[in-house]
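S.K.: Enclosed is the structure file start.pdb (PDB, C-alpha atoms and all ligand atoms).
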```pdb
ATOM      1  CA  MET A   1    -103.386  -3.790  -7.110
ATOM      2  CA  THR A   2    -102.128  -0.394  -8.243
ATOM      3  CA  VAL A   3    -102.684   0.669 -11.811
ATOM      4  CA  LEU A   4    -101.108   3.931 -12.872
ATOM      5  CA  ASN A   5    -101.272   5.695 -16.169
ATOM      6  CA  GLU A   6     -99.611   8.666 -17.813
ATOM      7  CA  ARG A   7    -101.894  11.241 -16.291
ATOM      8  CA  VAL A   8    -101.306  10.276 -12.667
ATOM      9  CA  THR A   9     -98.622  12.590 -11.267
ATOM     10  CA  THR A  10     -98.425  14.424  -7.996
ATOM     11  CA  ASP A  11     -95.664  16.671  -6.731
ATOM     12  CA  ASN A  12     -94.838  14.128  -4.079
ATOM     13  CA  ASN A  13     -94.211  11.480  -6.686
ATOM     14  CA  ALA A  14     -92.400  13.732  -9.125
ATOM     15  CA  LEU A  15     -88.928  12.531 -10.012
ATOM     16  CA  ILE A  16     -86.381  15.332 -10.062
ATOM     17  CA  GLN A  17     -84.079  14.256 -12.846
ATOM     18  CA  ASP A  18     -80.422  15.144 -12.814
ATOM     19  CA  LYS A  19     -78.159  14.386 -15.769
ATOM     20  CA  SER A  20     -77.263  10.858 -14.677
ATOM     21  CA  THR A  21     -80.891   9.907 -13.906
ATOM     22  CA  LYS A  22     -81.996  11.233 -17.297
ATOM     23  CA  SER A  23     -79.285   9.234 -19.007
ATOM     24  CA  LEU A  24     -80.186   6.096 -17.003
ATOM     25  CA  ILE A  25     -83.845   6.399 -18.051
ATOM     26  CA  LYS A  26     -82.897   7.055 -21.681
ATOM     27  CA  ARG A  27     -80.651   3.981 -21.833
ATOM     28  CA  SER A  28     -83.279   1.854 -20.098
ATOM     29  CA  ILE A  29     -85.889   2.831 -22.710
ATOM     30  CA  GLN A  30     -83.518   1.641 -25.423
ATOM     31  CA  TYR A  31     -83.019  -1.729 -23.686
ATOM     32  CA  ILE A  32     -86.764  -2.185 -23.180
ATOM     33  CA  LYS A  33     -87.422  -1.296 -26.834
ATOM     34  CA  ALA A  34     -84.891  -3.955 -27.800
ATOM     35  CA  GLY A  35     -86.990  -6.424 -25.810
ATOM     36  CA  TYR A  36     -84.852  -6.756 -22.665
ATOM     37  CA  PRO A  37     -86.269  -6.257 -19.198
ATOM     38  CA  VAL A  38     -84.317  -3.871 -16.993
ATOM     39  CA  HIS A  39     -83.573  -4.368 -13.339
ATOM     40  CA  PHE A  40     -82.631  -1.498 -11.010
ATOM     41  CA  THR A  41     -80.660  -2.545  -7.990
ATOM     42  CA  GLY A  42     -79.267  -0.446  -5.162
ATOM     43  CA  PRO A  43     -79.573   0.399  -1.476
ATOM     44  CA  SER A  44     -82.866   1.215   0.169
ATOM     45  CA  GLY A  45     -84.029   4.761  -0.516
ATOM     46  CA  SER A  46     -81.704   5.343  -3.460
ATOM     47  CA  GLY A  47     -84.649   5.979  -5.802
ATOM     48  CA  LYS A  48     -85.041   2.634  -7.637
ATOM     49  CA  THR A  49     -88.831   2.530  -7.444
ATOM     50  CA  SER A  50     -89.171   6.179  -8.415
ATOM     51  CA  ILE A  51     -86.938   5.652 -11.448
ATOM     52  CA  ALA A  52     -88.790   2.451 -12.407
ATOM     53  CA  LEU A  53     -92.157   4.267 -12.269
ATOM     54  CA  ALA A  54     -90.846   7.256 -14.229
ATOM     55  CA  LEU A  55     -89.461   4.891 -16.858
ATOM     56  CA  ALA A  56     -92.730   2.958 -16.976
ATOM     57  CA  LYS A  57     -94.681   6.151 -17.642
ATOM     58  CA  LYS A  58     -92.372   6.992 -20.512
ATOM     59  CA  ILE A  59     -93.236   3.695 -22.200
ATOM     60  CA  LYS A  60     -96.771   5.114 -22.528
ATOM     61  CA  ARG A  61     -98.684   1.930 -21.736
ATOM     62  CA  PRO A  62    -100.859   1.363 -18.654
ATOM     63  CA  VAL A  63     -98.596   0.662 -15.697
ATOM     64  CA  MET A  64     -99.135  -2.092 -13.163
ATOM     65  CA  LEU A  65     -97.181  -2.069  -9.917
ATOM     66  CA  MET A  66     -96.543  -5.312  -8.056
ATOM     67  CA  HIS A  67     -94.543  -5.729  -4.839
ATOM     68  CA  GLY A  68     -92.522  -8.860  -4.158
ATOM     69  CA  ASN A  69     -93.230 -10.751  -0.950
ATOM     70  CA  HIS A  70     -92.798 -14.315   0.213
ATOM     71  CA  GLU A  71     -96.537 -14.986   0.157
ATOM     72  CA  LEU A  72     -96.956 -14.087  -3.507
ATOM     73  CA  ASP A  73     -97.878 -17.196  -5.483
ATOM     74  CA  ASN A  74     -99.226 -18.359  -8.834
ATOM     75  CA  LYS A  75    -102.792 -17.584  -7.741
ATOM     76  CA  ASP A  76    -101.864 -13.910  -7.338
ATOM     77  CA  LEU A  77     -99.949 -13.874 -10.608
ATOM     78  CA  ILE A  78    -102.117 -15.971 -12.913
ATOM     79  CA  GLY A  79    -105.454 -15.932 -11.129
ATOM     80  CA  SER A  80    -107.774 -18.347  -9.427
ATOM     81  CA  PHE A  81    -111.346 -19.577  -9.200
ATOM     82  CA  ASN A  82    -112.944 -17.563  -6.475
ATOM     83  CA  GLY A  83    -116.406 -19.054  -6.050
ATOM     84  CA  TYR A  84    -119.490 -19.706  -8.117
ATOM     85  CA  THR A  85    -121.999 -17.564  -9.961
ATOM     86  CA  SER A  86    -125.501 -18.920 -10.285
ATOM     87  CA  SER A  87    -128.506 -17.723 -12.219
ATOM     88  CA  LYS A  88    -132.044 -18.999 -11.784
ATOM     89  CA  VAL A  89    -135.068 -18.531 -14.083
ATOM     90  CA  VAL A  90    -138.475 -19.475 -12.700
ATOM     91  CA  ASP A  91    -141.126 -19.720 -15.385
ATOM     92  CA  GLN A  92    -144.726 -19.867 -14.184
ATOM     93  CA  TYR A  93    -146.377 -18.472 -17.267
ATOM     94  CA  VAL A  94    -148.984 -21.211 -17.111
ATOM     95  CA  ARG A  95    -150.178 -21.221 -13.480
ATOM     96  CA  SER A  96    -150.254 -24.974 -13.131
ATOM     97  CA  VAL A  97    -146.788 -25.422 -14.638
ATOM     98  CA  TYR A  98    -143.675 -24.600 -12.602
ATOM     99  CA  LYS A  99    -140.416 -24.527 -14.572
ATOM    100  CA  LYS A 100    -137.056 -23.746 -13.002
ATOM    101  CA  ASP A 101    -133.808 -23.332 -14.937
ATOM    102  CA  GLU A 102    -130.682 -23.015 -12.830
ATOM    103  CA  THR A 103    -127.102 -22.608 -14.051
ATOM    104  CA  VAL A 104    -124.038 -22.614 -11.838
ATOM    105  CA  THR A 105    -120.662 -21.509 -13.212
ATOM    106  CA  GLU A 106    -117.283 -21.169 -11.559
ATOM    107  CA  SER A 107    -116.005 -17.593 -11.568
ATOM    108  CA  TRP A 108    -112.389 -16.878 -12.434
ATOM    109  CA  LYS A 109    -110.444 -13.768 -11.514
ATOM    110  CA  ASP A 110    -107.367 -12.915 -13.587
ATOM    111  CA  GLY A 111    -104.146 -12.480 -11.613
ATOM    112  CA  ARG A 112    -102.033  -9.363 -11.991
ATOM    113  CA  LEU A 113     -99.404 -10.883 -14.237
ATOM    114  CA  LEU A 114    -101.984 -12.519 -16.497
ATOM    115  CA  GLU A 115    -103.761  -9.181 -16.893
ATOM    116  CA  ALA A 116    -100.540  -7.345 -17.712
ATOM    117  CA  VAL A 117     -99.346 -10.033 -20.146
ATOM    118  CA  LYS A 118    -102.756 -10.253 -21.847
ATOM    119  CA  HIS A 119    -103.242  -6.505 -22.360
ATOM    120  CA  GLY A 120     -99.626  -5.473 -22.933
ATOM    121  CA  TYR A 121     -99.154  -3.385 -19.782
ATOM    122  CA  THR A 122     -95.838  -2.285 -18.347
ATOM    123  CA  LEU A 123     -95.298  -4.221 -15.145
ATOM    124  CA  VAL A 124     -93.129  -2.742 -12.407
ATOM    125  CA  TYR A 125     -92.130  -5.633 -10.165
ATOM    126  CA  ASP A 126     -90.762  -3.877  -7.087
ATOM    127  CA  GLU A 127     -88.418  -5.771  -4.730
ATOM    128  CA  PHE A 128     -88.852  -8.966  -6.752
ATOM    129  CA  SER A 129     -86.156 -10.789  -4.768
ATOM    130  CA  ARG A 130     -88.485 -10.814  -1.745
ATOM    131  CA  SER A 131     -90.729 -13.354  -3.526
ATOM    132  CA  ARG A 132     -89.950 -17.048  -3.443
ATOM    133  CA  PRO A 133     -87.825 -18.239  -6.390
ATOM    134  CA  ALA A 134     -90.510 -20.829  -7.219
ATOM    135  CA  THR A 135     -92.963 -17.963  -7.731
ATOM    136  CA  ASN A 136     -90.550 -15.933  -9.838
ATOM    137  CA  ASN A 137     -89.845 -18.956 -12.064
ATOM    138  CA  ILE A 138     -92.866 -18.045 -14.160
ATOM    139  CA  PHE A 139     -90.903 -15.060 -15.492
ATOM    140  CA  LEU A 140     -88.413 -17.454 -17.086
ATOM    141  CA  SER A 141     -91.089 -18.707 -19.520
ATOM    142  CA  ILE A 142     -92.257 -15.161 -20.191
ATOM    143  CA  LEU A 143     -88.786 -13.824 -20.898
ATOM    144  CA  GLU A 144     -87.402 -16.875 -22.669
ATOM    145  CA  GLU A 145     -90.331 -18.319 -24.635
ATOM    146  CA  GLY A 146     -92.705 -15.353 -24.681
ATOM    147  CA  VAL A 147     -95.514 -17.368 -23.114
ATOM    148  CA  LEU A 148     -97.276 -17.391 -19.773
ATOM    149  CA  PRO A 149     -98.069 -20.926 -18.547
ATOM    150  CA  LEU A 150    -101.670 -21.062 -17.322
ATOM    151  CA  TYR A 151    -101.430 -23.295 -14.239
ATOM    152  CA  GLY A 152    -104.787 -23.810 -12.602
ATOM    153  CA  LEU A 153    -106.897 -22.356 -15.406
ATOM    154  CA  LYS A 154    -109.171 -24.975 -16.979
ATOM    155  CA  SER A 155    -108.548 -23.686 -20.459
ATOM    156  CA  THR A 156    -107.841 -25.711 -23.586
ATOM    157  CA  GLU A 157    -104.653 -23.692 -24.162
ATOM    158  CA  PRO A 158    -101.916 -24.508 -21.640
ATOM    159  CA  PHE A 159    -100.350 -21.070 -22.069
ATOM    160  CA  LEU A 160    -101.018 -17.507 -23.194
ATOM    161  CA  LYS A 161     -98.829 -15.735 -25.734
ATOM    162  CA  VAL A 162     -97.279 -12.596 -24.275
ATOM    163  CA  HIS A 163     -98.701  -9.357 -25.765
ATOM    164  CA  PRO A 164     -96.005  -7.658 -27.914
ATOM    165  CA  LYS A 165     -96.324  -4.425 -25.909
ATOM    166  CA  PHE A 166     -95.834  -6.154 -22.544
ATOM    167  CA  SER A 167     -92.683  -5.126 -20.714
ATOM    168  CA  VAL A 168     -91.382  -5.558 -17.213
ATOM    169  CA  ILE A 169     -89.116  -3.518 -14.980
ATOM    170  CA  PHE A 170     -87.642  -5.142 -11.871
ATOM    171  CA  THR A 171     -86.169  -3.552  -8.749
ATOM    172  CA  SER A 172     -84.278  -5.164  -5.891
ATOM    173  CA  ASN A 173     -82.010  -4.347  -2.996
ATOM    174  CA  PRO A 174     -78.660  -6.231  -3.047
ATOM    175  CA  ASP A 175     -78.575  -6.212   0.775
ATOM    176  CA  GLU A 176     -81.396  -8.734   0.608
ATOM    177  CA  TYR A 177     -79.541 -11.126  -1.694
ATOM    178  CA  SER A 178     -78.230 -13.441   0.990
ATOM    179  CA  GLY A 179     -79.765 -16.850   0.403
ATOM    180  CA  VAL A 180     -80.489 -16.361  -3.292
ATOM    181  CA  TYR A 181     -81.255 -19.642  -4.983
ATOM    182  CA  GLN A 182     -80.203 -21.064  -8.301
ATOM    183  CA  THR A 183     -83.460 -20.153 -10.050
ATOM    184  CA  GLN A 184     -83.100 -16.555  -8.970
ATOM    185  CA  ASP A 185     -79.702 -16.454 -10.687
ATOM    186  CA  ALA A 186     -81.291 -17.825 -13.853
ATOM    187  CA  LEU A 187     -83.740 -14.935 -13.761
ATOM    188  CA  LEU A 188     -81.040 -12.366 -13.048
ATOM    189  CA  ASP A 189     -79.142 -13.688 -16.050
ATOM    190  CA  ARG A 190     -82.025 -12.640 -18.317
ATOM    191  CA  LEU A 191     -82.254  -9.062 -17.021
ATOM    192  CA  ILE A 192     -80.178  -5.989 -17.772
ATOM    193  CA  THR A 193     -79.140  -4.995 -14.274
ATOM    194  CA  LEU A 194     -78.356  -1.327 -13.670
ATOM    195  CA  HIS A 195     -77.003   0.001 -10.398
ATOM    196  CA  VAL A 196     -78.739   2.926  -8.683
ATOM    197  CA  GLY A 197     -76.587   4.406  -5.950
ATOM    198  CA  PHE A 198     -77.004   7.294  -3.535
ATOM    199  CA  LYS A 199     -76.672  10.679  -5.177
ATOM    200  CA  GLY A 200     -74.136  13.347  -4.323
ATOM    201  CA  LYS A 201     -74.732  15.910  -1.562
ATOM    202  CA  ASP A 202     -75.587  18.737  -3.952
ATOM    203  CA  GLN A 203     -77.937  16.624  -6.093
ATOM    204  CA  GLU A 204     -79.836  15.492  -2.993
ATOM    205  CA  ALA A 205     -80.089  19.091  -1.780
ATOM    206  CA  VAL A 206     -81.677  20.047  -5.115
ATOM    207  CA  ILE A 207     -84.200  17.172  -4.812
ATOM    208  CA  ILE A 208     -85.118  18.160  -1.218
ATOM    209  CA  ARG A 209     -85.509  21.796  -2.269
ATOM    210  CA  GLU A 210     -87.547  21.187  -5.397
ATOM    211  CA  LYS A 211     -89.694  18.443  -3.964
ATOM    212  CA  LEU A 212     -90.664  20.186  -0.751
ATOM    213  CA  GLY A 213     -90.221  23.823  -1.683
ATOM    214  CA  ILE A 214     -87.866  24.616   1.188
ATOM    215  CA  ASP A 215     -85.069  27.173   0.923
ATOM    216  CA  ARG A 216     -81.641  26.311  -0.486
ATOM    217  CA  LYS A 217     -79.755  26.718   2.805
ATOM    218  CA  GLY A 218     -82.160  24.413   4.665
ATOM    219  CA  ALA A 219     -81.932  21.754   1.953
ATOM    220  CA  GLU A 220     -78.133  21.936   2.021
ATOM    221  CA  ILE A 221     -78.020  21.566   5.810
ATOM    222  CA  ILE A 222     -80.166  18.425   5.700
ATOM    223  CA  SER A 223     -78.309  16.807   2.797
ATOM    224  CA  GLY A 224     -74.954  17.729   4.396
ATOM    225  CA  LEU A 225     -75.985  16.134   7.662
ATOM    226  CA  ILE A 226     -77.151  12.923   5.990
ATOM    227  CA  HIS A 227     -73.981  12.693   3.899
ATOM    228  CA  GLU A 228     -71.760  13.187   6.893
ATOM    229  CA  LEU A 229     -73.515  10.329   8.695
ATOM    230  CA  ARG A 230     -73.471   8.188   5.543
ATOM    231  CA  GLU A 231     -69.694   8.476   5.478
ATOM    232  CA  GLU A 232     -69.560   7.023   8.980
ATOM    233  CA  PHE A 233     -71.300   3.928   7.613
ATOM    234  CA  GLY A 234     -68.662   3.267   4.939
ATOM    235  CA  ASN A 235     -69.611  -0.055   3.317
ATOM    236  CA  ARG A 236     -72.019  -1.035   6.077
ATOM    237  CA  LYS A 237     -75.686  -1.602   5.281
ATOM    238  CA  GLY A 238     -78.592   0.633   6.267
ATOM    239  CA  ALA A 239     -76.972   4.041   5.746
ATOM    240  CA  PRO A 240     -79.444   6.940   5.976
ATOM    241  CA  SER A 241     -81.046   7.603   2.616
ATOM    242  CA  LEU A 242     -82.685  10.404   0.684
ATOM    243  CA  ARG A 243     -85.972   9.109   2.113
ATOM    244  CA  THR A 244     -84.846  10.150   5.628
ATOM    245  CA  SER A 245     -83.662  13.536   4.327
ATOM    246  CA  LEU A 246     -87.111  14.108   2.827
ATOM    247  CA  GLN A 247     -88.811  13.026   6.066
ATOM    248  CA  ILE A 248     -86.732  15.498   8.118
ATOM    249  CA  ALA A 249     -87.413  18.293   5.621
ATOM    250  CA  ARG A 250     -91.146  17.547   5.424
ATOM    251  CA  ILE A 251     -91.655  17.473   9.215
ATOM    252  CA  ALA A 252     -89.507  20.579   9.760
ATOM    253  CA  LYS A 253     -91.592  22.422   7.180
ATOM    254  CA  LEU A 254     -94.940  21.241   8.551
ATOM    255  CA  GLU A 255     -94.054  21.975  12.163
ATOM    256  CA  ASP A 256     -92.187  25.221  11.475
ATOM    257  CA  ILE A 257     -88.980  23.832  12.950
ATOM    258  CA  PRO A 258     -86.080  26.028  11.798
ATOM    259  CA  ILE A 259     -83.554  23.915   9.878
ATOM    260  CA  ASN A 260     -80.576  24.807  11.986
ATOM    261  CA  GLY A 261     -78.114  22.356  13.580
ATOM    262  CA  SER A 262     -77.866  24.484  16.740
ATOM    263  CA  ARG A 263     -81.625  24.457  17.433
ATOM    264  CA  GLN A 264     -82.747  21.938  20.017
ATOM    265  CA  ASP A 265     -86.046  21.154  18.249
ATOM    266  CA  PHE A 266     -84.196  20.424  14.998
ATOM    267  CA  GLN A 267     -81.645  18.288  16.853
ATOM    268  CA  GLN A 268     -84.481  16.311  18.484
ATOM    269  CA  LEU A 269     -86.070  15.709  15.073
ATOM    270  CA  CYS A 270     -82.741  14.362  13.749
ATOM    271  CA  LEU A 271     -82.259  12.156  16.822
ATOM    272  CA  ASP A 272     -85.738  10.664  16.379
ATOM    273  CA  LEU A 273     -85.424  10.032  12.661
ATOM    274  CA  LEU A 274     -81.816   8.873  12.535
ATOM    275  CA  GLY A 275     -81.214   7.261  15.931
ATOM    276  CA  HIS A 276     -82.464   3.788  15.090
ATOM    277  CA  SER A 277     -80.587   3.420  11.795
ATOM    278  CA  VAL A 278     -77.338   4.610  13.412
ATOM    279  CA  VAL A 279     -77.773   2.121  16.278
ATOM    280  CA  GLN A 280     -78.492  -0.731  13.855
ATOM    281  CA  GLY A 281     -75.963   0.122  11.169
ATOM    282  CA  LEU A 282     -72.984   1.082  13.329
ATOM    283  CA  GLY A 283     -73.710  -1.304  16.192
ATOM    284  CA  LEU A 284     -73.728   1.535  18.754
ATOM    285  CA  LYS A 285     -75.693   2.011  21.946
ATOM    286  CA  ILE A 286     -78.476   4.587  21.622
ATOM    287  CA  GLU A 287     -76.556   7.094  23.800
ATOM    288  CA  GLU A 288     -73.500   6.769  21.526
ATOM    289  CA  ALA A 289     -75.644   7.070  18.411
ATOM    290  CA  ASN A 290     -77.308  10.210  19.792
ATOM    291  CA  GLU A 291     -73.915  11.690  20.587
ATOM    292  CA  LEU A 292     -72.727  11.097  17.023
ATOM    293  CA  ILE A 293     -75.887  12.626  15.515
ATOM    294  CA  LEU A 294     -75.607  15.697  17.753
ATOM    295  CA  GLU A 295     -71.964  16.091  16.828
ATOM    296  CA  VAL A 296     -72.866  16.092  13.133
ATOM    297  CA  CYS A 297     -75.763  18.495  13.774
ATOM    298  CA  LYS A 298     -73.401  20.916  15.511
ATOM    299  CA  LYS A 299     -70.996  20.735  12.563
ATOM    300  CA  MET A 300     -73.851  21.881  10.354
ATOM    301  CA  LYS A 301     -74.150  24.881  12.657
ATOM    302  CA  GLU A 302     -70.442  25.665  12.197
ATOM    303  CA  GLU A 303     -70.769  25.361   8.402
ATOM    304  CA  GLU A 304     -73.723  27.743   8.585
ATOM    305  CA  ARG A 305     -71.599  30.398  10.257
ATOM    306  CA  GLY A 306     -68.693  29.961   7.831
TER     307      GLY A 306
HETATM  308  N1  LIG A 401     -84.755  11.762  -8.272
HETATM  309  C1  LIG A 401     -85.682  11.882  -7.326
HETATM  310  N2  LIG A 401     -86.529  12.924  -7.319
HETATM  311  C2  LIG A 401     -87.459  13.079  -6.370
HETATM  312  N3  LIG A 401     -87.664  12.221  -5.367
HETATM  313  C3  LIG A 401     -86.861  11.154  -5.310
HETATM  314  C4  LIG A 401     -85.844  10.911  -6.275
HETATM  315  N4  LIG A 401     -85.199   9.769  -5.969
HETATM  316  C5  LIG A 401     -85.797   9.309  -4.849
HETATM  317  N5  LIG A 401     -86.797  10.136  -4.458
HETATM  318  C6  LIG A 401     -87.655   9.995  -3.267
HETATM  319  O1  LIG A 401     -86.870   9.309  -2.284
HETATM  320  C7  LIG A 401     -87.654   8.353  -1.604
HETATM  321  C8  LIG A 401     -87.066   6.968  -1.791
HETATM  322  O2  LIG A 401     -87.140   6.624  -3.176
HETATM  323  P1  LIG A 401     -87.598   5.175  -3.666
HETATM  324  O3  LIG A 401     -88.737   4.639  -2.863
HETATM  325  O4  LIG A 401     -87.767   5.248  -5.143
HETATM  326  O5  LIG A 401     -86.276   4.367  -3.298
HETATM  327  P2  LIG A 401     -86.006   2.799  -3.393
HETATM  328  O6  LIG A 401     -84.567   2.684  -3.780
HETATM  329  O7  LIG A 401     -87.013   2.140  -4.251
HETATM  330  O8  LIG A 401     -86.197   2.380  -1.874
HETATM  331  P3  LIG A 401     -86.585   0.941  -1.252
HETATM  332  O9  LIG A 401     -85.522  -0.021  -1.686
HETATM  333  O10 LIG A 401     -86.547   1.201   0.241
HETATM  334  O11 LIG A 401     -87.953   0.633  -1.766
HETATM  335  C9  LIG A 401     -89.069   8.475  -2.147
HETATM  336  O12 LIG A 401     -89.793   9.351  -1.305
HETATM  337  C10 LIG A 401     -88.871   9.113  -3.517
HETATM  338  O13 LIG A 401     -90.001   9.872  -3.891
END
```
Give the structure from this file in structure tokens form.
M.R.:
Amino acid sequence: MTVLNERVTTDNNALIQDKSTKSLIKRSIQYIKAGYPVHFTGPSGSGKTSIALALAKKIKRPVMLMHGNHELDNKDLIGSFNGYTSSKVVDQYVRSVYKKDETVTESWKDGRLLEAVKHGYTLVYDEFSRSRPATNNIFLSILEEGVLPLYGLKSTEPFLKVHPKFSVIFTSNPDEYSGVYQTQDALLDRLITLHVGFKGKDQEAVIIREKLGIDRKGAEIISGLIHELREEFGNRKGAPSLRTSLQIARIAKLEDIPINGSRQDFQQLCLDLLGHSVVQGLGLKIEEANELILEVCKKMKEEERG
């Protein structure tokens, strides 16, 4: 379980906010204040999670981060009995009298959702569409009736009223939507879904520069290279993202590799980090993918000279 609060910020996690990101966060705050959960959807590495966490911090409540996965179930969300606690008192105050008092109680551990709903946290439910629809169904009661059903808890109340300060932010990747079930659609219908796409070349160069403290020219070469390759992908899935740009920049900086498309060590770094996604996304053989990456690298060299 990851619990973040306002004070936790590191440079690595800092969100560099351009005009459109600022506006997206501002609008999202308004929707959340009006009581509607927001849902950021977009390709992998487009910044959905970063935006969701930045938004969550702005709400100024403790933040709980939860990742969707097919094994997540009601025990993780609501909680479960996880053993017994026993206490024993042996009283031998009078030597000839032996008195033993033993109590055994079941111990319950609150699940993440129960904790967030009870205390009014902001829940960031990352990649929620990776969880089984049956698991996500519980959000229908929360969003529709404002109650959390307490399956499995031996309490007199069958549900818990949702804390007024509780809010939830969802993220998902539309490439993973194949096979979505009816219940998932019912959930989607209750969310305000906002698209987060890849940023422009210049905006990504600014993020690379500010986040990693590398020079402007280097940041522009990396973002130019990634954009050029992204164009090759067109509408196909798995295009290289800002995440890969940041990886290239970080390694080049750490290893003192000059960011220059004509340098063999920089070319090798690009081949290693981009080869697999180009093979997968464009359906090429590795040799063809490498050729394409080198071609784009060399173009960056020509742009440098110009
Ligand atoms: N505006 C931004 N400022 C700074 N860093 C950013 C920004 N947007 C994205 N990043 C960085 O880009 C990387 C990918 O972002 P993030 O994990 O938020 O994307 P995502 O869309 O949630 O990806 P996935 O779907 O794969 O989980 C992260 O390292 C993140 O810190």
S.K.: For the contact check between chain A and ligand LIG 401 (chain A), emit one row per residue of chain A within 7 Å, containing the shortest atom pair and the distance in Å rounded to one decimal, counting all atoms listed in the file, chain then rising number order, as a Markdown table.
M.R.:
```
| residue | atom | partner | partner_atom | distance |
| --- | --- | --- | --- | --- |
| A:Asn12 | CA | A:LIG401 | O13 | 6.4 |
| A:Asn13 | CA | A:LIG401 | O13 | 5.3 |
| A:Ala14 | CA | A:LIG401 | C2 | 5.7 |
| A:Leu15 | CA | A:LIG401 | N2 | 3.6 |
| A:Ile16 | CA | A:LIG401 | N2 | 3.7 |
| A:Gln17 | CA | A:LIG401 | N1 | 5.3 |
| A:Gly42 | CA | A:LIG401 | O6 | 6.3 |
| A:Pro43 | CA | A:LIG401 | O6 | 6.0 |
| A:Ser44 | CA | A:LIG401 | O9 | 3.5 |
| A:Gly45 | CA | A:LIG401 | O8 | 3.5 |
| A:Ser46 | CA | A:LIG401 | O6 | 3.9 |
| A:Gly47 | CA | A:LIG401 | O4 | 3.3 |
| A:Lys48 | CA | A:LIG401 | O6 | 3.9 |
| A:Thr49 | CA | A:LIG401 | O7 | 3.7 |
| A:Ser50 | CA | A:LIG401 | O4 | 3.7 |
| A:Ile51 | CA | A:LIG401 | O4 | 6.4 |
| A:Ser172 | CA | A:LIG401 | O9 | 6.8 |
| A:Asn173 | CA | A:LIG401 | O9 | 5.7 |
| A:Ile207 | CA | A:LIG401 | N2 | 5.5 |
| A:Lys211 | CA | A:LIG401 | C2 | 6.3 |
| A:Leu242 | CA | A:LIG401 | O1 | 5.2 |
| A:Arg243 | CA | A:LIG401 | C7 | 4.1 |
| A:Leu246 | CA | A:LIG401 | O12 | 6.8 |
```
S.K.: Between A:Leu123, A:Val90, A:Leu114, A:Ala249, which one has atoms that come closest to Ala56 (chain A), using all atoms listed in the file?
M.R.: A:Leu123
S.K.: Please expand the PyMOL selection byres (((chain A and resi 250) around 12) and not hetatm) into the concrete residues it hits in this file, giving the result as a list in words.
M.R.: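 Applied to this file, the PyMOL selection byres (((chain A and resi 250) around 12) and not hetatm) returns Asn12, Ile208, Arg209, Glu210, Lys211, Leu212, Gly213, Ile214, Gly218, Ala219, Ile222, Arg243, Thr244, Ser245, Leu246, Gln247, Ile248, Ala249, Ile251, Ala252, Lys253, Leu254, Glu255, Asp256, Ile257, Pro258, Ile259, Leu269 and Leu273 of chain A.
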S.K.: Could you expand the PyMOL selection byres (((chain A and resi 196) around 6) and not hetatm) into the explicit residues it covers here, written as a PDB file with C-alpha atoms, keeping the file's coordinate frame?
M.R.:
```
ATOM      1  CA  THR A  41     -80.660  -2.545  -7.990  1.00  0.00           C
ATOM      2  CA  GLY A  42     -79.267  -0.446  -5.162  1.00  0.00           C
ATOM      3  CA  HIS A 195     -77.003   0.001 -10.398  1.00  0.00           C
ATOM      4  CA  GLY A 197     -76.587   4.406  -5.950  1.00  0.00           C
TER       5      GLY A 197
END
```
S.K.: Taking 3 positions as the minimum chain separation for residues in the same chain, which residues sit within 8 Å of region 285-288 of chain A when counting all atoms listed in the file? Answer as a VMD selection string.
M.R.: chain A and resid 275 to 276 279 291 to 292
S.K.: Excluding Lys26 (chain A) and any residue of its chain fewer than 5 positions from it, enumerate the residues within 12 Å of it, using only C-alpha atoms, and give them as a ChimeraX atom specification.
M.R.: /A:17,19-21,31-33,38,51-52,54-56,58-59
S.K.: So how far away is CA of Lys201 (chain A) from CA of Ile221 (chain A), in Å?
M.R.: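 Taking CA of Ile221 (chain A) as the start and CA of Lys201 (chain A) as the end point, the length is 9.9 Å.
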S.K.: Can you find the residues with an atom no farther than 10 Å from (-101.6, 0.3, -19.7), counting all atoms listed in the file, and report them as a list in words?
M.R.: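 Residues found, by chain and rising number: Val3, Leu4, Asn5, Glu6, Ala56, Lys57, Ile59, Lys60, Arg61, Pro62, Val63, Met64, Ala116, His119, Gly120, Tyr121, Thr122, Leu123, Lys165 and Phe166 of chain A.
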S.K.: Measure the distance from CA of Leu150 (chain A) to CA of Ala34 (chain A) in Å and round it to one decimal.
M.R.: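 Going from CA of Leu150 (chain A) over to CA of Ala34 (chain A) covers 26.2 Å.
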S.K.: Enumerate, as an MDAnalysis selection string, the residues matched when the PyMOL selection byres (((chain A and resi 224) around 10) and not hetatm) is run on the file above.
M.R.: chainID A and resid 200:202 204:205 218:223 225:230 245 296:297 299:300 303
S.K.: Hey, can you check how far CA of Ile29 (chain A) sits from CA of Val124 (chain A)?
M.R.: 13.8 Å
S.K.: So, with all atoms listed in the file as the atoms that count, which of A:Gln267, A:Gln203, A:Ser80, A:Ser131 lies closest to Asp18 (chain A)?
M.R.: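 Using all atoms listed in the file, Asp18 (chain A) sits closest to A:Gln203.
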S.K.: Looking at A:Val162, A:Gln264, A:Arg132, A:Lys298, which one is nearest to Glu144 (chain A), with distances taken over all atoms listed in the file?
M.R.: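 With all atoms listed in the file as the atom set, the closest residue is A:Val162.
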S.K.: Please list as a short mmCIF file (atom, residue, chain, number, x, y, z; two decimals) with C-alpha atoms, in the coordinates of the input every residue within 12 Å of Gly35 (chain A), counting only C-alpha atoms and excluding residues in the same chain fewer than 6 positions away.
M.R.:
```cif
data_model
loop_
_atom_site.label_atom_id
_atom_site.label_comp_id
_atom_site.auth_asym_id
_atom_site.auth_seq_id
_atom_site.Cartn_x
_atom_site.Cartn_y
_atom_site.Cartn_z
CA SER A 28 -83.28 1.85 -20.10
CA ILE A 29 -85.89 2.83 -22.71
CA ILE A 142 -92.26 -15.16 -20.19
CA LEU A 143 -88.79 -13.82 -20.90
CA GLU A 144 -87.40 -16.88 -22.67
CA GLY A 146 -92.70 -15.35 -24.68
CA PRO A 164 -96.00 -7.66 -27.91
CA LYS A 165 -96.32 -4.42 -25.91
CA PHE A 166 -95.83 -6.15 -22.54
CA SER A 167 -92.68 -5.13 -20.71
CA VAL A 168 -91.38 -5.56 -17.21
CA ILE A 169 -89.12 -3.52 -14.98
CA ARG A 190 -82.02 -12.64 -18.32
CA LEU A 191 -82.25 -9.06 -17.02
CA ILE A 192 -80.18 -5.99 -17.77
#
```
